[in-house]
$ cat my_file-v3.cif   # mmCIF, C-alpha atoms
data_start
loop_
_atom_site.group_PDB
_atom_site.id
_atom_site.type_symbol
_atom_site.label_atom_id
_atom_site.label_comp_id
_atom_site.auth_asym_id
_atom_site.auth_seq_id
_atom_site.Cartn_x
_atom_site.Cartn_y
_atom_site.Cartn_z
ATOM 1 C CA MET A 633 -39.771 152.577 50.771
ATOM 2 C CA VAL A 634 -36.151 153.604 51.047
ATOM 3 C CA LYS A 635 -35.172 149.990 51.702
ATOM 4 C CA ALA A 636 -37.092 148.809 48.641
ATOM 5 C CA GLU A 637 -35.319 151.411 46.491
ATOM 6 C CA ARG A 638 -31.951 150.345 47.857
ATOM 7 C CA MET A 639 -32.716 146.710 47.083
ATOM 8 C CA GLN A 640 -33.540 147.658 43.489
ATOM 9 C CA VAL A 641 -30.288 149.562 43.087
ATOM 10 C CA GLU A 642 -28.205 146.708 44.489
ATOM 11 C CA GLU A 643 -29.676 144.025 42.237
ATOM 12 C CA THR A 644 -27.148 142.795 39.706
ATOM 13 C CA PRO A 645 -28.298 141.455 36.337
ATOM 14 C CA GLY A 646 -27.115 137.967 35.404
ATOM 15 C CA SER A 647 -25.523 139.335 32.254
ATOM 16 C CA ALA A 648 -23.103 141.348 34.412
ATOM 17 C CA TRP A 649 -21.751 138.142 35.945
ATOM 18 C CA LEU A 650 -21.382 136.602 32.488
ATOM 19 C CA THR A 651 -19.618 139.732 31.247
ATOM 20 C CA GLY A 652 -17.261 139.580 34.220
ATOM 21 C CA LEU A 653 -16.568 135.919 33.525
ATOM 22 C CA ALA A 654 -15.905 136.638 29.837
ATOM 23 C CA ALA A 655 -13.610 139.525 30.804
ATOM 24 C CA TRP A 656 -11.605 137.192 33.014
ATOM 25 C CA PHE A 657 -11.485 134.330 30.525
ATOM 26 C CA ILE A 658 -10.294 136.346 27.539
ATOM 27 C CA PRO A 659 -8.750 139.714 28.448
ATOM 28 C CA GLY A 660 -10.730 142.439 26.680
ATOM 29 C CA LEU A 661 -13.741 140.272 25.797
ATOM 30 C CA GLY A 662 -15.879 141.745 28.564
ATOM 31 C CA HIS A 663 -15.569 145.243 27.136
ATOM 32 C CA VAL A 664 -16.072 143.902 23.599
ATOM 33 C CA LEU A 665 -19.386 142.400 24.725
ATOM 34 C CA LEU A 666 -20.308 145.815 26.119
ATOM 35 C CA LYS A 667 -19.314 147.394 22.782
ATOM 36 C CA ARG A 668 -16.624 149.479 24.490
ATOM 37 C CA TRP A 669 -14.198 148.923 21.654
ATOM 38 C CA PHE A 670 -11.542 151.472 22.608
ATOM 39 C CA ARG A 671 -11.552 150.415 26.245
ATOM 40 C CA ALA A 672 -11.339 146.753 25.186
ATOM 41 C CA ALA A 673 -8.346 147.423 22.941
ATOM 42 C CA LEU A 674 -6.607 149.559 25.549
ATOM 43 C CA MET A 675 -7.240 147.518 28.681
ATOM 44 C CA GLY A 676 -7.359 144.050 27.114
ATOM 45 C CA GLY A 677 -4.370 144.867 24.925
ATOM 46 C CA ALA A 678 -2.331 145.934 27.953
ATOM 47 C CA VAL A 679 -2.935 142.548 29.588
ATOM 48 C CA TRP A 680 -2.062 140.590 26.446
ATOM 49 C CA VAL A 681 1.135 142.608 25.931
ATOM 50 C CA CYS A 682 2.073 142.241 29.598
ATOM 51 C CA PHE A 683 1.561 138.467 29.486
ATOM 52 C CA PHE A 684 3.498 137.804 26.287
ATOM 53 C CA VAL A 685 6.321 140.167 27.238
ATOM 54 C CA GLY A 686 6.540 138.219 30.510
ATOM 55 C CA LEU A 687 6.754 134.923 28.671
ATOM 56 C CA ALA A 688 9.299 136.316 26.200
ATOM 57 C CA MET A 689 11.465 137.441 29.110
ATOM 58 C CA GLY A 690 11.516 133.856 30.342
ATOM 59 C CA GLY A 691 9.111 134.382 33.228
ATOM 60 C CA HIS A 692 7.723 131.525 35.246
ATOM 61 C CA LEU A 693 4.050 130.679 35.709
ATOM 62 C CA PHE A 694 3.014 129.167 39.029
ATOM 63 C CA ASP A 695 0.904 126.112 39.722
ATOM 64 C CA LEU A 696 0.614 123.728 42.661
ATOM 65 C CA THR A 697 3.314 121.297 41.567
ATOM 66 C CA THR A 698 6.388 122.033 43.650
ATOM 67 C CA ASP A 699 8.986 120.292 45.765
ATOM 68 C CA GLY A 700 8.681 123.003 48.409
ATOM 69 C CA TRP A 701 5.748 124.410 50.330
ATOM 70 C CA ILE A 702 2.585 124.419 48.262
ATOM 71 C CA ILE A 703 1.195 127.291 50.324
ATOM 72 C CA LEU A 704 3.861 129.602 48.905
ATOM 73 C CA GLN A 705 2.703 128.759 45.389
ATOM 74 C CA ILE A 706 -0.914 129.728 46.000
ATOM 75 C CA PRO A 707 -0.694 133.582 46.030
ATOM 76 C CA PRO A 708 1.334 133.850 42.794
ATOM 77 C CA MET A 709 -0.859 131.170 41.214
ATOM 78 C CA ILE A 710 -3.955 133.252 42.000
ATOM 79 C CA ALA A 711 -2.274 136.249 40.369
ATOM 80 C CA ASN A 712 -1.335 134.171 37.308
ATOM 81 C CA LEU A 713 -4.842 132.719 37.105
ATOM 82 C CA GLY A 714 -6.127 136.234 36.487
ATOM 83 C CA SER A 715 -4.862 135.929 32.918
ATOM 84 C CA GLY A 716 -7.697 133.479 32.244
ATOM 85 C CA ALA A 717 -7.387 131.507 29.020
ATOM 86 C CA LEU A 718 -3.795 132.685 28.552
ATOM 87 C CA TYR A 719 -2.838 130.865 31.750
ATOM 88 C CA ILE A 720 -5.002 127.827 30.976
ATOM 89 C CA VAL A 721 -3.600 127.403 27.451
ATOM 90 C CA SER A 722 -0.032 127.774 28.769
ATOM 91 C CA TRP A 723 -0.829 125.171 31.414
ATOM 92 C CA LEU A 724 -2.277 122.770 28.816
ATOM 93 C CA LEU A 725 0.800 123.255 26.620
ATOM 94 C CA ASN A 726 3.040 123.093 29.696
ATOM 95 C CA TYR A 727 4.748 126.269 28.550
ATOM 96 C CA GLY A 728 6.297 128.527 31.171
ATOM 97 C CA PHE A 729 5.733 126.180 34.110
ATOM 98 C CA ALA A 730 8.945 124.158 34.074
ATOM 99 C CA ASP A 731 11.551 124.867 36.767
ATOM 100 C CA ASP A 732 14.394 125.291 34.308
ATOM 101 C CA PRO A 733 17.700 126.494 35.846
ATOM 102 C CA VAL A 734 18.917 127.811 32.477
ATOM 103 C CA ARG A 735 15.774 129.899 32.138
ATOM 104 C CA ALA A 736 16.028 131.044 35.755
ATOM 105 C CA ALA A 737 19.592 132.217 35.135
ATOM 106 C CA ARG A 738 18.465 134.710 32.494
ATOM 107 C CA ALA A 739 18.818 138.342 33.524
ATOM 108 C CA THR A 740 15.198 138.988 32.587
ATOM 109 C CA TYR A 741 13.756 136.031 34.517
ATOM 110 C CA GLU A 742 12.493 138.011 37.522
ATOM 111 C CA TYR A 743 11.198 140.792 35.282
ATOM 112 C CA GLY A 744 9.293 138.160 33.323
ATOM 113 C CA ASN A 745 7.798 136.746 36.514
ATOM 114 C CA THR A 746 6.634 140.201 37.518
ATOM 115 C CA PHE A 747 5.089 140.888 34.126
ATOM 116 C CA LEU A 748 3.203 137.574 34.247
ATOM 117 C CA LEU A 749 1.929 138.233 37.761
ATOM 118 C CA ILE A 750 0.903 141.778 36.928
ATOM 119 C CA ALA A 751 -0.861 140.664 33.712
ATOM 120 C CA GLY A 752 -3.156 138.502 35.828
ATOM 121 C CA LEU A 753 -3.732 141.155 38.469
ATOM 122 C CA LEU A 754 -4.478 143.822 35.868
ATOM 123 C CA ASN A 755 -6.969 141.478 34.248
ATOM 124 C CA PHE A 756 -8.760 141.162 37.591
ATOM 125 C CA LEU A 757 -9.172 144.946 37.429
ATOM 126 C CA ASN A 758 -10.429 144.637 33.834
ATOM 127 C CA MET A 759 -12.912 142.052 35.004
ATOM 128 C CA LEU A 760 -14.218 144.311 37.787
ATOM 129 C CA ASP A 761 -14.451 147.267 35.402
ATOM 130 C CA ALA A 762 -16.452 145.253 32.844
ATOM 131 C CA PHE A 763 -18.677 143.906 35.621
ATOM 132 C CA ASP A 764 -19.373 147.389 36.996
ATOM 133 C CA ILE A 765 -20.236 148.746 33.555
ATOM 134 C CA ALA A 766 -22.518 145.769 32.799
ATOM 135 C CA ALA A 767 -24.195 146.166 36.194
ATOM 136 C CA GLY A 768 -24.827 149.846 35.499
ATOM 137 C CA ARG A 769 -22.686 151.030 38.388
ATOM 138 C CA LYS A 770 -20.293 152.830 36.097
ATOM 139 C CA SER A 771 -20.609 154.561 32.738
ATOM 140 C CA MET B 952 10.325 149.442 33.966
ATOM 141 C CA ALA B 953 8.936 152.040 31.568
ATOM 142 C CA LEU B 954 6.907 149.381 29.738
ATOM 143 C CA PHE B 955 5.602 148.022 33.017
ATOM 144 C CA ALA B 956 4.700 151.548 34.188
ATOM 145 C CA ALA B 957 2.966 152.276 30.871
ATOM 146 C CA LEU B 958 0.877 149.098 30.910
ATOM 147 C CA ALA B 959 -0.171 149.490 34.535
ATOM 148 C CA SER B 960 -0.983 153.173 34.136
ATOM 149 C CA ILE B 961 -3.127 152.434 31.042
ATOM 150 C CA ILE B 962 -5.342 150.170 33.151
ATOM 151 C CA PHE B 963 -5.396 152.472 36.189
ATOM 152 C CA GLY B 964 -6.084 155.492 34.011
ATOM 153 C CA ALA B 965 -8.860 153.790 32.045
ATOM 154 C CA MET B 966 -10.584 152.599 35.212
ATOM 155 C CA ALA B 967 -10.460 155.786 37.217
ATOM 156 C CA LYS B 968 -12.283 159.124 37.008
ATOM 157 C CA ASP B 969 -15.185 160.168 34.786
ATOM 158 C CA THR B 970 -14.078 162.123 31.746
ATOM 159 C CA THR B 971 -11.506 161.222 29.097
ATOM 160 C CA ARG B 972 -9.396 164.238 30.011
ATOM 161 C CA GLU B 973 -9.357 163.292 33.703
ATOM 162 C CA ARG B 974 -8.456 159.702 32.807
ATOM 163 C CA LEU B 975 -5.597 160.827 30.587
ATOM 164 C CA ILE B 976 -4.214 163.129 33.270
ATOM 165 C CA TYR B 977 -4.561 160.450 35.945
ATOM 166 C CA GLY B 978 -2.884 157.848 33.708
ATOM 167 C CA LEU B 979 0.038 160.176 33.036
ATOM 168 C CA LYS B 980 0.303 160.979 36.738
ATOM 169 C CA VAL B 981 0.421 157.272 37.659
ATOM 170 C CA PHE B 982 3.028 156.659 34.949
ATOM 171 C CA ALA B 983 5.184 159.495 36.258
ATOM 172 C CA GLU B 984 4.837 158.215 39.821
ATOM 173 C CA PHE B 985 5.893 154.701 38.811
ATOM 174 C CA MET B 986 8.936 156.056 36.986
ATOM 175 C CA VAL B 987 10.032 158.469 39.702
ATOM 176 C CA ILE B 988 9.573 155.961 42.539
ATOM 177 C CA GLY B 989 11.305 153.252 40.475
ATOM 178 C CA LEU B 990 14.309 155.475 39.795
ATOM 179 C CA VAL B 991 14.546 156.679 43.400
ATOM 180 C CA LEU B 992 14.384 153.122 44.734
ATOM 181 C CA SER B 993 16.980 151.996 42.177
ATOM 182 C CA TRP B 994 19.444 154.618 43.344
ATOM 183 C CA ILE B 995 18.792 153.814 47.011
ATOM 184 C CA LEU B 996 19.340 150.099 46.394
ATOM 185 C CA TYR B 997 22.442 150.854 44.283
ATOM 186 C CA PHE B 998 24.254 152.094 47.400
ATOM 187 C CA ILE B 999 23.137 149.186 49.570
ATOM 188 C CA PRO B 1000 25.558 146.282 49.227
#

$ encode --input "my_file-v3.cif" --output "structure tokens"
Amino acid sequence: MVKAERMQVEETPGSAWLTGLAAWFIPGLGHVLLKRWFRAALMGGAVWVCFFVGLAMGGHLFDLTTDGWIILQIPPMIANLGSGALYIVSWLLNYGFADDPVRAARATYEYGNTFLLIAGLLNFLNMLDAFDIAAGRKS
Amino acid sequence: MALFAALASIIFGAMAKDTTRERLIYGLKVFAEFMVIGLVLSWILYFIP
């Protein structure tokens, strides 16, 4: 009986996975789908601001094209991938990926990198939050 | 640094706790911690050649 109850509690509706996916793909969309407008504006907005401030500072986005060790590119790429469509569109436009020494010499280059990495990581948190709300694990 | 601290604390604050008041207090606390630790580390690194 107790086991059956536990199984019921742990079941996750399919819509929660879709909400999580939407939250990852477009920062804030997951909460919009849940009609959490303020949360969407606050949390999604923070990711968008973080990403574009990072790009404006001349930050660098990571992918697997490198002359060095590919393995070193993987962790920051995973962080960048958290930005979802923002990363994908930048990748399609090839904006922010070039290893440009002039760009790297800017005083804000490392700050920009950090902002871009953190935008992705914060969006992973957004994604988990939207998933938990959709799954009924959080109000 | 302040912008970074603000953006990160918005997310942390919004995710944590149960009530709006608790979230606001937690967000402000995280922001303050980011700022204080950032400033302390900056001064420590300033003296390290």

$ interface_residues --input "my_file-v3.cif" --of "chain A" --to "chain B" --cutoff "10 Å" --atoms "all atoms listed in the file" --output "list of chain:residue names"
A:Arg671, A:Leu674, A:Met675, A:Gly676, A:Gly677, A:Ala678, A:Val679, A:Val681, A:Cys682, A:Val685, A:Tyr743, A:Thr746, A:Phe747, A:Ile750, A:Ala751, A:Leu753, A:Leu754, A:Asn755, A:Leu757, A:Asn758, A:Leu760, A:Asp761, A:Ala762, A:Lys770, A:Ser771

$ atom_distance --input "my_file-v3.cif" --atom1 "atom CA of A:Pro708" --atom2 "atom CA of B:Gly989"
21.9 Å

$ atom_distance --input "my_file-v3.cif" --atom1 "atom CA of A:Trp680" --atom2 "atom CA of A:Leu749"
12.2 Å

$ residues_around --input "my_file-v3.cif" --residues "A:Tyr727" --least-positions-apart "5" --cutoff "12 Å" --atoms "only C-alpha atoms" --output "VMD selection string"
chain A and resid 684 687 to 688 690 to 695 718 to 722 732

$ closest_residue --input "my_file-v3.cif" --among "A:Ala711, A:Leu666, A:Ala717, A:Leu661" --to "A:Gly768" --atoms "all atoms listed in the file"
A:Leu666

$ resolve_selection --input "my_file-v3.cif" --expression "the PyMOL selection byres ((chain B and resi 979) around 10)" --output "list of chain:residue names"
B:Ala956, B:Ala957, B:Ser960, B:Ile961, B:Phe963, B:Gly964, B:Glu973, B:Arg974, B:Leu975, B:Ile976, B:Tyr977, B:Gly978, B:Lys980, B:Val981, B:Phe982, B:Ala983, B:Glu984, B:Phe985

$ axis_aligned_box --input "my_file-v3.cif" --around "stretch 971-989 of chain B" --padding-each-side "5 Å" --output "JSON"
{"center_x": -0.1, "center_y": 158.7, "center_z": 35.8, "size_x": 32.8, "size_y": 21.0, "size_z": 23.4}

$ atom_distance --input "my_file-v3.cif" --atom1 "atom CA of A:Arg769" --atom2 "atom CA of A:Pro645"
11.3 Å

$ closest_residue --input "my_file-v3.cif" --among "A:Leu713, A:Ala739, A:Leu696, A:Met759" --to "A:Ala672" --atoms "only C-alpha atoms"
A:Met759
